[in-house]
>>> print(open('target_16.tsv').read())   # TSV, C-alpha atoms and all ligand atoms
chain	number	residue	atom	x	y	z
A	1	THR	CA	0.00	0.00	0.00
A	2	LYS	CA	1.19	3.47	-0.87
A	3	ARG	CA	1.17	5.92	2.00
A	4	VAL	CA	0.52	9.66	1.66
A	5	TRP	CA	0.92	11.87	4.72
A	6	VAL	CA	-0.94	15.15	4.87
A	7	LEU	CA	0.38	18.17	6.70
A	8	GLY	CA	-2.83	19.26	8.45
A	9	ASN	CA	-5.95	17.34	9.47
A	10	GLY	CA	-8.92	19.45	8.49
A	11	GLN	CA	-11.66	18.64	6.01
A	12	LEU	CA	-9.36	18.63	2.99
A	13	GLY	CA	-7.18	15.96	4.57
A	14	ALA	CA	-10.29	13.97	5.46
A	15	MET	CA	-11.58	14.14	1.89
A	16	LEU	CA	-8.15	13.11	0.57
A	17	SER	CA	-8.35	10.03	2.83
A	18	HIS	CA	-11.80	9.24	1.53
A	19	ALA	CA	-10.55	9.50	-2.07
A	20	GLY	CA	-7.52	7.31	-1.38
A	21	GLN	CA	-9.53	4.39	-0.09
A	22	PRO	CA	-10.67	2.82	-3.41
A	23	LEU	CA	-7.12	3.10	-4.78
A	24	ALA	CA	-5.65	1.44	-1.68
A	25	ILE	CA	-3.70	4.59	-0.95
A	26	GLU	CA	-3.44	5.06	2.78
A	27	VAL	CA	-3.82	8.78	3.47
A	28	LEU	CA	-2.65	9.91	6.90
A	29	PRO	CA	-3.58	13.48	7.89
A	30	VAL	CA	-1.46	14.83	10.73
A	31	ASP	CA	-2.60	17.34	13.34
A	32	ILE	CA	0.60	19.36	13.25
A	33	MET	CA	-0.61	21.61	16.08
A	34	ALA	CA	-0.70	18.69	18.50
A	35	PRO	CA	1.96	19.24	21.16
A	36	SER	CA	3.58	15.90	20.50
A	37	ASP	CA	7.17	14.66	20.27
A	38	GLU	CA	5.97	11.43	18.73
A	39	LYS	CA	8.23	10.13	16.00
A	40	LEU	CA	6.06	9.57	12.94
A	41	PRO	CA	6.66	6.18	11.31
A	42	LEU	CA	7.70	7.77	8.02
A	43	ALA	CA	9.16	5.43	5.43
A	44	ASP	CA	11.59	6.50	2.70
A	45	ASP	CA	9.11	5.93	-0.10
A	46	ASP	CA	6.15	7.57	1.66
A	47	ILE	CA	4.80	10.72	0.03
A	48	ILE	CA	4.08	13.96	1.89
A	49	THR	CA	1.57	16.61	0.85
A	50	ALA	CA	-0.18	19.50	2.61
A	51	GLU	CA	-3.78	20.63	2.90
A	52	ARG	CA	-2.76	24.19	3.81
A	53	GLU	CA	-0.12	26.56	2.48
A	54	GLN	CA	1.23	27.68	5.83
A	55	TRP	CA	1.87	26.04	9.15
A	56	PRO	CA	3.65	26.68	12.42
A	57	GLU	CA	6.90	24.89	13.02
A	58	SER	CA	6.38	21.96	15.34
A	59	SER	CA	8.05	18.65	15.95
A	60	LEU	CA	5.43	16.99	13.74
A	61	SER	CA	5.42	19.58	10.94
A	62	LEU	CA	9.23	19.46	10.75
A	63	GLN	CA	9.28	15.69	10.37
A	64	LEU	CA	6.92	16.02	7.40
A	65	SER	CA	8.33	19.14	5.74
A	66	THR	CA	11.95	17.88	5.85
A	67	HIS	CA	11.12	14.47	4.31
A	68	LYS	CA	12.72	14.00	0.89
A	69	ASN	CA	9.32	13.22	-0.67
A	70	PHE	CA	7.60	16.38	0.56
A	71	ILE	CA	6.12	17.22	-2.85
A	72	ASN	CA	6.17	20.89	-3.92
A	73	GLY	CA	8.00	21.78	-0.68
A	74	PRO	CA	9.38	25.19	-1.77
A	75	VAL	CA	6.11	26.17	-3.47
A	76	PHE	CA	4.12	26.46	-0.24
A	77	GLY	CA	6.12	29.31	1.27
A	78	ARG	CA	6.27	31.11	-2.04
A	79	LEU	CA	2.50	31.08	-2.53
A	80	ALA	CA	1.66	31.55	1.16
A	81	ASP	CA	3.14	35.06	1.01
A	82	ARG	CA	1.08	37.31	-1.26
A	83	TYR	CA	4.18	39.39	-1.98
A	84	THR	CA	6.07	36.45	-3.49
A	85	GLN	CA	2.89	35.01	-5.03
A	86	LYS	CA	2.08	38.24	-6.88
A	87	SER	CA	5.76	38.63	-7.85
A	88	LEU	CA	5.63	35.16	-9.40
A	89	LEU	CA	2.54	36.08	-11.44
A	90	ASP	CA	4.33	39.20	-12.70
A	91	GLU	CA	7.48	37.22	-13.55
A	92	LEU	CA	5.43	34.68	-15.51
A	93	LYS	CA	3.46	37.50	-17.14
A	94	VAL	CA	0.15	36.08	-15.94
A	95	ALA	CA	-2.45	38.84	-15.67
A	96	THR	CA	-3.36	39.75	-12.10
A	97	ALA	CA	-4.90	42.71	-10.26
A	98	PRO	CA	-2.33	45.57	-10.25
A	99	TRP	CA	-0.58	45.67	-6.88
A	100	GLU	CA	2.43	46.73	-4.87
A	101	LEU	CA	4.07	46.02	-1.55
A	102	VAL	CA	3.05	48.29	1.32
A	103	ASP	CA	6.21	49.25	3.20
A	104	ASP	CA	7.55	52.10	5.34
A	105	ASN	CA	7.77	54.41	2.33
A	106	THR	CA	4.30	53.78	0.91
A	107	ASP	CA	2.31	56.99	0.65
A	108	VAL	CA	-1.43	56.41	0.83
A	109	ASN	CA	-2.16	59.30	-1.55
A	110	ALA	CA	0.18	57.78	-4.10
A	111	LEU	CA	-1.89	54.57	-3.82
A	112	TYR	CA	-5.12	56.49	-4.45
A	113	GLY	CA	-3.45	58.29	-7.35
A	114	LYS	CA	-2.30	55.05	-8.92
A	115	TYR	CA	-5.18	52.64	-8.23
A	116	GLY	CA	-8.24	54.82	-7.65
A	117	GLU	CA	-10.30	55.91	-4.69
A	118	ARG	CA	-10.73	52.40	-3.25
A	119	VAL	CA	-7.66	50.28	-2.62
A	120	LEU	CA	-7.67	46.83	-1.04
A	121	MET	CA	-4.86	45.97	1.35
A	122	LYS	CA	-4.29	42.30	2.04
A	123	ARG	CA	-2.02	40.84	4.73
A	124	ARG	CA	0.89	39.06	3.10
A	125	THR	CA	0.29	35.89	5.08
A	126	GLY	CA	-2.40	34.13	7.07
A	127	GLY	CA	-5.49	35.54	5.33
A	128	TYR	CA	-8.37	33.27	4.34
A	129	ASP	CA	-12.15	33.59	3.88
A	130	GLY	CA	-11.63	37.34	3.40
A	131	LYS	CA	-9.89	37.73	6.78
A	132	GLY	CA	-6.77	39.88	6.71
A	133	GLN	CA	-8.21	42.47	4.31
A	134	HIS	CA	-8.48	46.20	4.84
A	135	TRP	CA	-10.16	48.61	2.42
A	136	LEU	CA	-8.59	52.04	2.03
A	137	LYS	CA	-11.23	54.57	0.99
A	138	GLN	CA	-10.12	58.00	-0.15
A	139	ALA	CA	-13.55	59.49	0.59
A	140	GLU	CA	-13.12	58.47	4.23
A	141	ASN	CA	-9.50	59.63	4.30
A	142	GLY	CA	-8.41	56.00	4.85
A	143	GLN	CA	-4.82	55.68	6.12
A	144	ILE	CA	-2.41	52.78	6.29
A	145	PRO	CA	-2.30	51.35	9.83
A	146	ALA	CA	1.31	51.23	11.09
A	147	ASP	CA	1.24	47.49	11.68
A	148	TRP	CA	0.29	46.81	8.04
A	149	ARG	CA	3.52	48.33	6.69
A	150	GLY	CA	5.85	45.61	5.51
A	151	GLU	CA	3.10	43.07	6.20
A	152	ALA	CA	0.67	43.77	3.38
A	153	ILE	CA	0.21	44.38	-0.31
A	154	ALA	CA	-2.13	46.96	-1.84
A	155	GLU	CA	-4.31	45.94	-4.78
A	156	GLN	CA	-6.42	47.83	-7.22
A	157	ALA	CA	-10.14	47.28	-6.58
A	158	ILE	CA	-11.32	45.20	-9.53
A	159	ASN	CA	-14.78	45.95	-10.78
A	160	PHE	CA	-15.25	42.37	-11.94
A	161	ASP	CA	-18.25	40.90	-13.71
A	162	GLU	CA	-18.00	37.69	-11.71
A	163	GLU	CA	-15.61	35.36	-9.94
A	164	VAL	CA	-14.49	32.07	-11.44
A	165	SER	CA	-11.85	29.49	-10.63
A	166	VAL	CA	-10.16	26.60	-12.31
A	167	VAL	CA	-8.67	23.50	-10.72
A	168	GLY	CA	-5.90	21.74	-12.60
A	169	VAL	CA	-3.34	19.05	-12.09
A	170	ARG	CA	0.25	18.60	-13.29
A	171	THR	CA	1.91	15.21	-13.37
A	172	HIS	CA	5.57	14.53	-12.60
A	173	THR	CA	6.18	14.28	-16.36
A	174	GLY	CA	4.74	17.76	-16.85
A	175	GLU	CA	1.35	16.86	-18.36
A	176	CYS	CA	-1.53	19.13	-17.32
A	177	PHE	CA	-5.27	18.46	-17.08
A	178	PHE	CA	-8.03	20.83	-16.04
A	179	TYR	CA	-11.61	20.72	-14.88
A	180	PRO	CA	-14.06	23.13	-16.48
A	181	LEU	CA	-14.19	26.62	-15.02
A	182	THR	CA	-16.33	27.08	-11.93
A	183	LEU	CA	-18.49	30.10	-11.22
A	184	ASN	CA	-18.14	31.21	-7.60
A	185	LEU	CA	-20.22	33.39	-5.34
A	186	HIS	CA	-18.46	35.02	-2.39
A	187	GLN	CA	-20.33	36.81	0.37
A	188	ASP	CA	-18.26	38.93	2.77
A	189	GLY	CA	-15.07	37.38	1.42
A	190	ILE	CA	-16.16	33.77	1.98
A	191	LEU	CA	-17.13	31.26	-0.70
A	192	MET	CA	-20.86	30.56	-0.48
A	193	ALA	CA	-21.65	28.63	-3.64
A	194	SER	CA	-20.19	27.29	-6.89
A	195	VAL	CA	-21.66	26.17	-10.19
A	196	SER	CA	-19.84	24.06	-12.79
A	197	PRO	CA	-19.61	23.54	-15.67
A	198	LEU	CA	-21.38	26.38	-17.44
A	199	PRO	CA	-21.67	26.64	-21.23
A	200	ARG	CA	-21.21	30.39	-21.11
A	201	LEU	CA	-17.78	30.01	-19.45
A	202	VAL	CA	-16.45	27.74	-22.21
A	203	PRO	CA	-14.96	30.67	-24.18
A	204	LEU	CA	-12.74	31.47	-21.16
A	205	GLN	CA	-11.50	27.92	-20.63
A	206	ALA	CA	-8.48	28.13	-22.92
A	207	GLU	CA	-7.24	31.32	-21.31
A	208	ALA	CA	-7.69	29.83	-17.83
A	209	GLU	CA	-5.77	26.68	-18.81
A	210	THR	CA	-2.93	28.67	-20.34
A	211	MET	CA	-2.61	30.78	-17.19
A	212	LEU	CA	-2.70	27.93	-14.69
A	213	GLY	CA	-0.55	25.75	-16.98
A	214	THR	CA	2.08	28.49	-17.14
A	215	ILE	CA	2.08	28.76	-13.35
A	216	MET	CA	2.27	25.02	-12.68
A	217	ASN	CA	5.05	24.60	-15.26
A	218	GLY	CA	6.88	27.64	-13.93
A	219	LEU	CA	6.89	26.08	-10.47
A	220	ASN	CA	7.62	22.56	-11.70
A	221	TYR	CA	4.54	21.70	-9.67
A	222	VAL	CA	3.10	18.21	-9.15
A	223	GLY	CA	-0.50	17.67	-8.04
A	224	VAL	CA	-3.66	19.74	-7.91
A	225	MET	CA	-3.58	23.53	-7.88
A	226	ALA	CA	-6.47	26.00	-7.85
A	227	MET	CA	-6.52	29.43	-9.44
A	228	GLU	CA	-9.16	31.99	-8.41
A	229	CYS	CA	-9.91	34.64	-11.02
A	230	PHE	CA	-11.96	37.70	-11.72
A	231	ARG	CA	-13.75	37.79	-15.04
A	232	VAL	CA	-13.55	41.26	-16.49
A	233	GLY	CA	-15.33	41.27	-19.83
A	234	ASP	CA	-13.83	38.54	-22.02
A	235	HIS	CA	-10.67	38.12	-19.95
A	236	LEU	CA	-9.44	36.76	-16.66
A	237	LEU	CA	-7.28	38.32	-13.97
A	238	VAL	CA	-5.79	36.00	-11.38
A	239	ASN	CA	-6.92	36.81	-7.86
A	240	GLU	CA	-4.97	34.16	-5.97
A	241	LEU	CA	-3.53	30.67	-6.13
A	242	ALA	CA	-3.85	27.71	-3.79
A	243	PRO	CA	-1.24	24.91	-4.06
A	244	ARG	CA	-3.72	22.24	-3.02
A	245	VAL	CA	-7.22	20.88	-3.43
A	246	HIS	CA	-9.70	23.72	-3.12
A	247	ASN	CA	-13.22	24.49	-1.92
A	248	SER	CA	-14.29	25.63	-5.39
A	249	GLY	CA	-13.38	22.15	-6.68
A	250	HIS	CA	-15.65	20.26	-4.30
A	251	TRP	CA	-18.34	19.96	-6.98
A	252	THR	CA	-16.06	17.44	-8.73
A	253	GLN	CA	-16.95	14.91	-6.03
A	254	ALA	CA	-20.46	14.66	-7.42
A	255	GLY	CA	-20.05	15.77	-10.99
A	256	THR	CA	-17.02	13.98	-12.41
A	257	HIS	CA	-15.63	10.50	-12.81
A	258	MET	CA	-12.48	11.51	-10.94
A	259	ASP	CA	-12.67	14.18	-8.26
A	260	GLN	CA	-9.93	16.67	-7.36
A	261	PHE	CA	-8.88	14.63	-4.33
A	262	GLN	CA	-8.29	11.47	-6.33
A	263	LEU	CA	-6.60	13.52	-9.06
A	264	HIS	CA	-4.15	14.97	-6.53
A	265	LEU	CA	-3.36	11.52	-5.10
A	266	ARG	CA	-2.86	10.03	-8.56
A	267	ALA	CA	-0.41	12.78	-9.46
A	268	LEU	CA	1.51	12.42	-6.19
A	269	CYS	CA	1.72	8.64	-6.55
A	270	HIS	CA	2.64	8.68	-10.27
A	271	LEU	CA	-0.54	6.82	-11.23
A	272	PRO	CA	-2.06	7.23	-14.70
A	273	ILE	CA	-4.21	10.31	-15.23
A	274	GLN	CA	-6.53	11.16	-18.10
A	275	GLN	CA	-8.83	14.08	-18.67
A	276	PRO	CA	-11.47	14.01	-15.88
A	277	GLN	CA	-14.90	13.44	-17.41
A	278	VAL	CA	-17.88	15.48	-16.29
A	279	ASN	CA	-20.91	13.29	-15.65
A	280	PHE	CA	-23.39	16.11	-15.05
A	281	PRO	CA	-23.37	19.76	-13.98
A	282	CYS	CA	-23.28	20.41	-10.26
A	283	VAL	CA	-23.79	23.13	-7.75
A	284	MET	CA	-22.07	23.29	-4.40
A	285	VAL	CA	-23.43	25.09	-1.37
A	286	ASN	CA	-21.04	25.78	1.49
A	287	LEU	CA	-22.43	25.17	4.96
A	288	ILE	CA	-21.16	28.02	7.09
A	289	GLY	CA	-21.86	28.40	10.79
A	290	ILE	CA	-25.02	26.33	10.49
A	291	ASP	CA	-26.15	23.21	12.37
A	292	LYS	CA	-26.46	19.92	10.55
A	293	ASP	CA	-29.96	19.30	9.24
A	294	ASP	CA	-30.78	15.76	8.11
A	295	ARG	CA	-33.63	17.06	5.97
A	296	TRP	CA	-30.89	17.98	3.48
A	297	LEU	CA	-30.50	14.24	2.87
A	298	SER	CA	-34.08	13.98	1.68
A	299	LEU	CA	-33.28	15.99	-1.44
A	300	PRO	CA	-33.18	13.69	-4.48
A	301	ASN	CA	-29.88	15.06	-5.84
A	302	ALA	CA	-27.91	16.04	-2.74
A	303	GLU	CA	-24.67	14.71	-1.32
A	304	LEU	CA	-23.74	15.98	2.10
A	305	PHE	CA	-20.17	16.35	3.31
A	306	TRP	CA	-20.28	17.21	7.01
A	307	TYR	CA	-16.87	18.01	8.49
A	308	ALA	CA	-17.81	17.22	12.10
A	309	LYS	CA	-16.24	20.44	13.34
A	310	GLU	CA	-17.63	22.60	16.12
A	311	VAL	CA	-20.20	24.97	14.59
A	312	ARG	CA	-19.16	28.62	14.98
A	313	PRO	CA	-20.41	31.71	13.14
A	314	GLY	CA	-18.60	32.19	9.83
A	315	ARG	CA	-16.91	28.76	10.02
A	316	LYS	CA	-17.08	26.28	7.13
A	317	VAL	CA	-18.59	23.15	8.63
A	318	GLY	CA	-19.67	21.24	5.54
A	319	HIS	CA	-20.88	21.45	1.98
A	320	LEU	CA	-23.72	20.11	-0.11
A	321	ASN	CA	-23.20	19.00	-3.69
A	322	LEU	CA	-26.32	19.00	-5.81
A	323	SER	CA	-26.21	17.34	-9.19
A	324	VAL	CA	-28.23	19.05	-11.88
A	325	HIS	CA	-30.04	16.30	-13.81
A	326	SER	CA	-32.88	18.58	-14.76
A	327	LYS	CA	-33.88	22.13	-14.16
A	328	THR	CA	-37.01	20.97	-12.38
A	329	MET	CA	-35.04	18.86	-9.92
A	330	LEU	CA	-32.65	21.73	-9.19
A	331	GLU	CA	-35.50	24.18	-8.69
A	332	HIS	CA	-37.20	21.77	-6.33
A	333	SER	CA	-34.08	21.20	-4.25
A	334	ILE	CA	-33.14	24.85	-4.08
A	335	SER	CA	-36.62	25.94	-3.04
A	336	GLN	CA	-36.61	23.27	-0.31
A	337	LEU	CA	-33.23	24.51	0.91
A	338	LYS	CA	-34.47	28.08	0.87
A	339	SER	CA	-37.32	27.15	3.18
A	340	TRP	CA	-34.99	25.32	5.59
A	341	MET	CA	-32.02	27.67	5.69
A	342	PRO	CA	-31.51	31.03	7.42
A	343	THR	CA	-31.55	34.52	5.86
A	344	GLN	CA	-27.90	34.63	4.78
A	345	TYR	CA	-28.55	31.66	2.44
A	346	GLN	CA	-31.48	33.20	0.57
A	347	ALA	CA	-29.32	35.30	-1.76
A	348	PRO	CA	-26.76	32.55	-2.58
A	349	LEU	CA	-29.53	30.00	-3.23
A	350	GLN	CA	-31.31	32.43	-5.52
A	351	TRP	CA	-27.98	33.13	-7.22
A	352	ILE	CA	-27.66	29.41	-7.96
A	353	LEU	CA	-31.09	29.33	-9.57
A	354	ASP	CA	-30.29	32.41	-11.61
A	355	ASN	CA	-26.93	31.07	-12.82
A	356	ALA	CA	-27.15	27.31	-13.10
A	357	ASP	CA	-27.90	26.94	-16.78
B	1	LIG	P1	-9.82	32.48	0.33
B	1	LIG	O1	-10.70	31.99	1.41
B	1	LIG	O2	-10.40	32.27	-1.06
B	1	LIG	O3	-8.41	32.00	0.43
B	1	LIG	P2	-8.73	35.10	0.94
B	1	LIG	O4	-9.05	35.57	2.29
B	1	LIG	O5	-7.40	34.53	0.69
B	1	LIG	O6	-9.84	34.09	0.44
B	1	LIG	P3	-9.03	36.68	-1.52
B	1	LIG	O7	-9.45	35.51	-2.29
B	1	LIG	O8	-7.81	37.39	-1.95
B	1	LIG	O9	-8.91	36.40	0.06
B	1	LIG	O10	-10.23	37.71	-1.47
B	1	LIG	C1	-11.50	37.30	-0.97
B	1	LIG	C2	-12.58	37.95	-1.81
B	1	LIG	O11	-12.47	39.37	-1.74
B	1	LIG	C3	-12.47	37.63	-3.29
B	1	LIG	O12	-13.05	36.38	-3.59
B	1	LIG	C4	-13.25	38.80	-3.87
B	1	LIG	O13	-14.64	38.63	-3.71
B	1	LIG	C5	-12.80	39.95	-2.99
B	1	LIG	N1	-11.60	40.61	-3.56
B	1	LIG	C6	-10.32	40.21	-3.42
B	1	LIG	N2	-9.46	40.99	-4.10
B	1	LIG	C7	-10.21	41.94	-4.69
B	1	LIG	C8	-9.92	43.06	-5.54
B	1	LIG	N3	-8.66	43.36	-5.89
B	1	LIG	N4	-10.96	43.81	-5.98
B	1	LIG	C9	-12.23	43.52	-5.61
B	1	LIG	N5	-12.57	42.49	-4.82
B	1	LIG	C10	-11.59	41.70	-4.35
B	2	MG	MG	-6.77	32.79	-0.05
B	3	MG	MG	-9.71	33.63	-2.33
>>> encode(input="target_16.tsv", output="structure tokens")
Amino acid sequence: TKRVWVLGNGQLGAMLSHAGQPLAIEVLPVDIMAPSDEKLPLADDDIITAEREQWPESSLSLQLSTHKNFINGPVFGRLADRYTQKSLLDELKVATAPWELVDDNTDVNALYGKYGERVLMKRRTGGYDGKGQHWLKQAENGQIPADWRGEAIAEQAINFDEEVSVVGVRTHTGECFFYPLTLNLHQDGILMASVSPLPRLVPLQAEAETMLGTIMNGLNYVGVMAMECFRVGDHLLVNELAPRVHNSGHWTQAGTHMDQFQLHLRALCHLPIQQPQVNFPCVMVNLIGIDKDDRWLSLPNAELFWYAKEVRPGRKVGHLNLSVHSKTMLEHSISQLKSWMPTQYQAPLQWILDNAD
């Protein structure tokens, strides 16, 4: 049996384990925060991956990150820091939102002059689900907080038409495969829902594949990577990259013959990979700060992934994949969900109905 260790033991690690089972790949997520001196039984030919791009140094994380088969090792740090991530995009000439480093010499008025009256600062590291962002607004005389200097980048506010992402994989021989583009809805910086594939996104697929292919090749990357983009007219701008399986790829669990978790494991273990086939369109609804409701299971086209985490406001605790076999079935399921779910879900569920065809 092949063994793949995962740095981190959240839901992504759990779903990697689930995907490894039918291939007899033993996936072992590690809680690297555990205060443990335990010596992990790592073998020379074990493979190490990560479900997060950043982690604190601990006895356990060091054992994993210093193993010779820690795949993509140097990539994590490079993409975990938005300064080096955006620099990489510029070096590779991949279009991204115009940006610069915020340091001791950055003059806020120069930022307004260059990018416009709204400028988005993002912490270089640690941000997720829209945390670690700070809007500078000229009209409100917004200033750069002292503790953001050196620790943040400033980005032009993009007046995008919509947000999309693409999940791709690169094998150790440099072959790349991609899923169809996914349409994403974010609310307050956090992913609420995804729809994929969509006929109207097909014209953007080639551009998305070229961009992500350039990035994965440039990094000599192996495994699954996700690229979040803004669609502005007929073109894409990269928002950010994730060197791992990604929330906006969860629909592949229901909609394809090979989901992103299995794809990642196949690439890591040098198993054959072909173009993933889409069985049917899917929508994904993130379950955020909401208690588990078994009525969801009564929907004819729903698959529930419940992460068994403590429910807290704003925390991702599960997701629902709904396959779209017919418009009628989707409409039925979404209207049921609307009647069961709280206010903050009404807009995303309506958005799904408005966009899923
Ligand atoms: P994630 O959970 O996806 O890792 P994050 O906290 O790393 O999120 P981003 O993806 O950079 O943050 O931004 C979160 C959301 O904020 C984006 O999906 C988008 O809706 C909005 N956003 C980010 N950058 C910009 C921008 N330059 N202009 C306008 N909106 C933006
Ligand atoms: Mg992010
Ligand atoms: Mg993001």
>>> residues_near_ligand(input="target_16.tsv", ligand="ligand LIG 1 (chain B)", cutoff="10 Å", atoms="only C-alpha atoms and all ligand atoms", output="ChimeraX atom specification")
/A:80,82,96-99,118-133,135,154-160,162-165,184-191,227-230,237-242,246-248
>>> atom_distance(input="target_16.tsv", atom1="atom CA of Asn279 of chain A", atom2="atom CA of Gly174 of chain A")
26.1 Å
>>> atom_distance(input="target_16.tsv", atom1="atom CA of Asp234 of chain A", atom2="atom CA of Leu204 of chain A")
7.2 Å
>>> closest_residue(input="target_16.tsv", among="A:Leu304, A:Leu337, A:Val102, A:Ala206", to="Ala152 of chain A", atoms="only C-alpha atoms")
A:Val102
>>> closest_residue(input="target_16.tsv", among="A:Val94, A:Met192, A:Leu136, A:Met341", to="ligand MG 3 (chain B)", atoms="only C-alpha atoms and all ligand atoms")
A:Met192
>>> residues_around(input="target_16.tsv", residues="Gly255 of chain A", least_positions_apart="2", cutoff="10 Å", atoms="all atoms listed in the file", output="PyMOL selection string")
chain A and resi 196-197+250-253+257-259+277-283+321-324
>>> closest_atom_pairs(input="target_16.tsv", of="segment 261-309 of chain A", to="segment 57-74 of chain A", cutoff="12 Å", atoms="all atoms listed in the file", output="tab-separated table")
residue	atom	partner	partner_atom	distance
A:His264	CA	A:Ile71	CA	11.1
A:Leu265	CA	A:Ile71	CA	11.3
A:Ala267	CA	A:Ile71	CA	10.3
A:Leu268	CA	A:Ile71	CA	7.4
A:Cys269	CA	A:Ile71	CA	10.3
A:His270	CA	A:Ile71	CA	11.8
>>> residues_around(input="target_16.tsv", residues="segment 308-319 of chain A", least_positions_apart="6", cutoff="9 Å", atoms="only C-alpha atoms", output="PyMOL selection string")
chain A and resi 10-11+129+190+250+284-292
>>> closest_residue(input="target_16.tsv", among="A:Phe177, A:Ala226, A:Glu151, A:Asp45", to="ligand MG 3 (chain B)", atoms="all atoms listed in the file")
A:Ala226
>>> build_atoms(input="target_16.tsv", residues="segment 261-273 of chain A", atoms="N, CA and C atoms", output="mmCIF file, in the frame of the given file")
data_model
loop_
_atom_site.group_PDB
_atom_site.id
_atom_site.type_symbol
_atom_site.label_atom_id
_atom_site.label_comp_id
_atom_site.auth_asym_id
_atom_site.auth_seq_id
_atom_site.Cartn_x
_atom_site.Cartn_y
_atom_site.Cartn_z
ATOM 1 N N PHE A 261 -9.669 15.284 -5.370
ATOM 2 C CA PHE A 261 -8.880 14.630 -4.330
ATOM 3 C C PHE A 261 -8.159 13.408 -4.902
ATOM 4 N N GLN A 262 -8.909 12.622 -5.686
ATOM 5 C CA GLN A 262 -8.290 11.470 -6.330
ATOM 6 C C GLN A 262 -7.232 11.920 -7.357
ATOM 7 N N LEU A 263 -7.539 13.002 -8.061
ATOM 8 C CA LEU A 263 -6.600 13.520 -9.060
ATOM 9 C C LEU A 263 -5.269 13.892 -8.392
ATOM 10 N N HIS A 264 -5.351 14.572 -7.263
ATOM 11 C CA HIS A 264 -4.150 14.970 -6.530
ATOM 12 C C HIS A 264 -3.348 13.737 -6.101
ATOM 13 N N LEU A 265 -4.051 12.739 -5.546
ATOM 14 C CA LEU A 265 -3.360 11.520 -5.100
ATOM 15 C C LEU A 265 -2.718 10.789 -6.266
ATOM 16 N N ARG A 266 -3.440 10.702 -7.391
ATOM 17 C CA ARG A 266 -2.860 10.030 -8.560
ATOM 18 C C ARG A 266 -1.584 10.725 -9.000
ATOM 19 N N ALA A 267 -1.604 12.054 -9.028
ATOM 20 C CA ALA A 267 -0.410 12.780 -9.460
ATOM 21 C C ALA A 267 0.743 12.557 -8.485
ATOM 22 N N LEU A 268 0.447 12.598 -7.192
ATOM 23 C CA LEU A 268 1.510 12.420 -6.190
ATOM 24 C C LEU A 268 2.112 11.028 -6.268
ATOM 25 N N CYS A 269 1.273 10.035 -6.570
ATOM 26 C CA CYS A 269 1.720 8.640 -6.550
ATOM 27 C C CYS A 269 2.123 8.137 -7.940
ATOM 28 N N HIS A 270 2.221 9.037 -8.912
ATOM 29 C CA HIS A 270 2.640 8.680 -10.270
ATOM 30 C C HIS A 270 1.730 7.639 -10.901
ATOM 31 N N LEU A 271 0.434 7.723 -10.607
ATOM 32 C CA LEU A 271 -0.540 6.820 -11.230
ATOM 33 C C LEU A 271 -1.052 7.466 -12.518
ATOM 34 N N PRO A 272 -1.557 6.661 -13.444
ATOM 35 C CA PRO A 272 -2.060 7.230 -14.700
ATOM 36 C C PRO A 272 -3.175 8.250 -14.453
ATOM 37 N N ILE A 273 -3.172 9.268 -15.287
ATOM 38 C CA ILE A 273 -4.210 10.310 -15.230
ATOM 39 C C ILE A 273 -4.673 10.569 -16.653
#
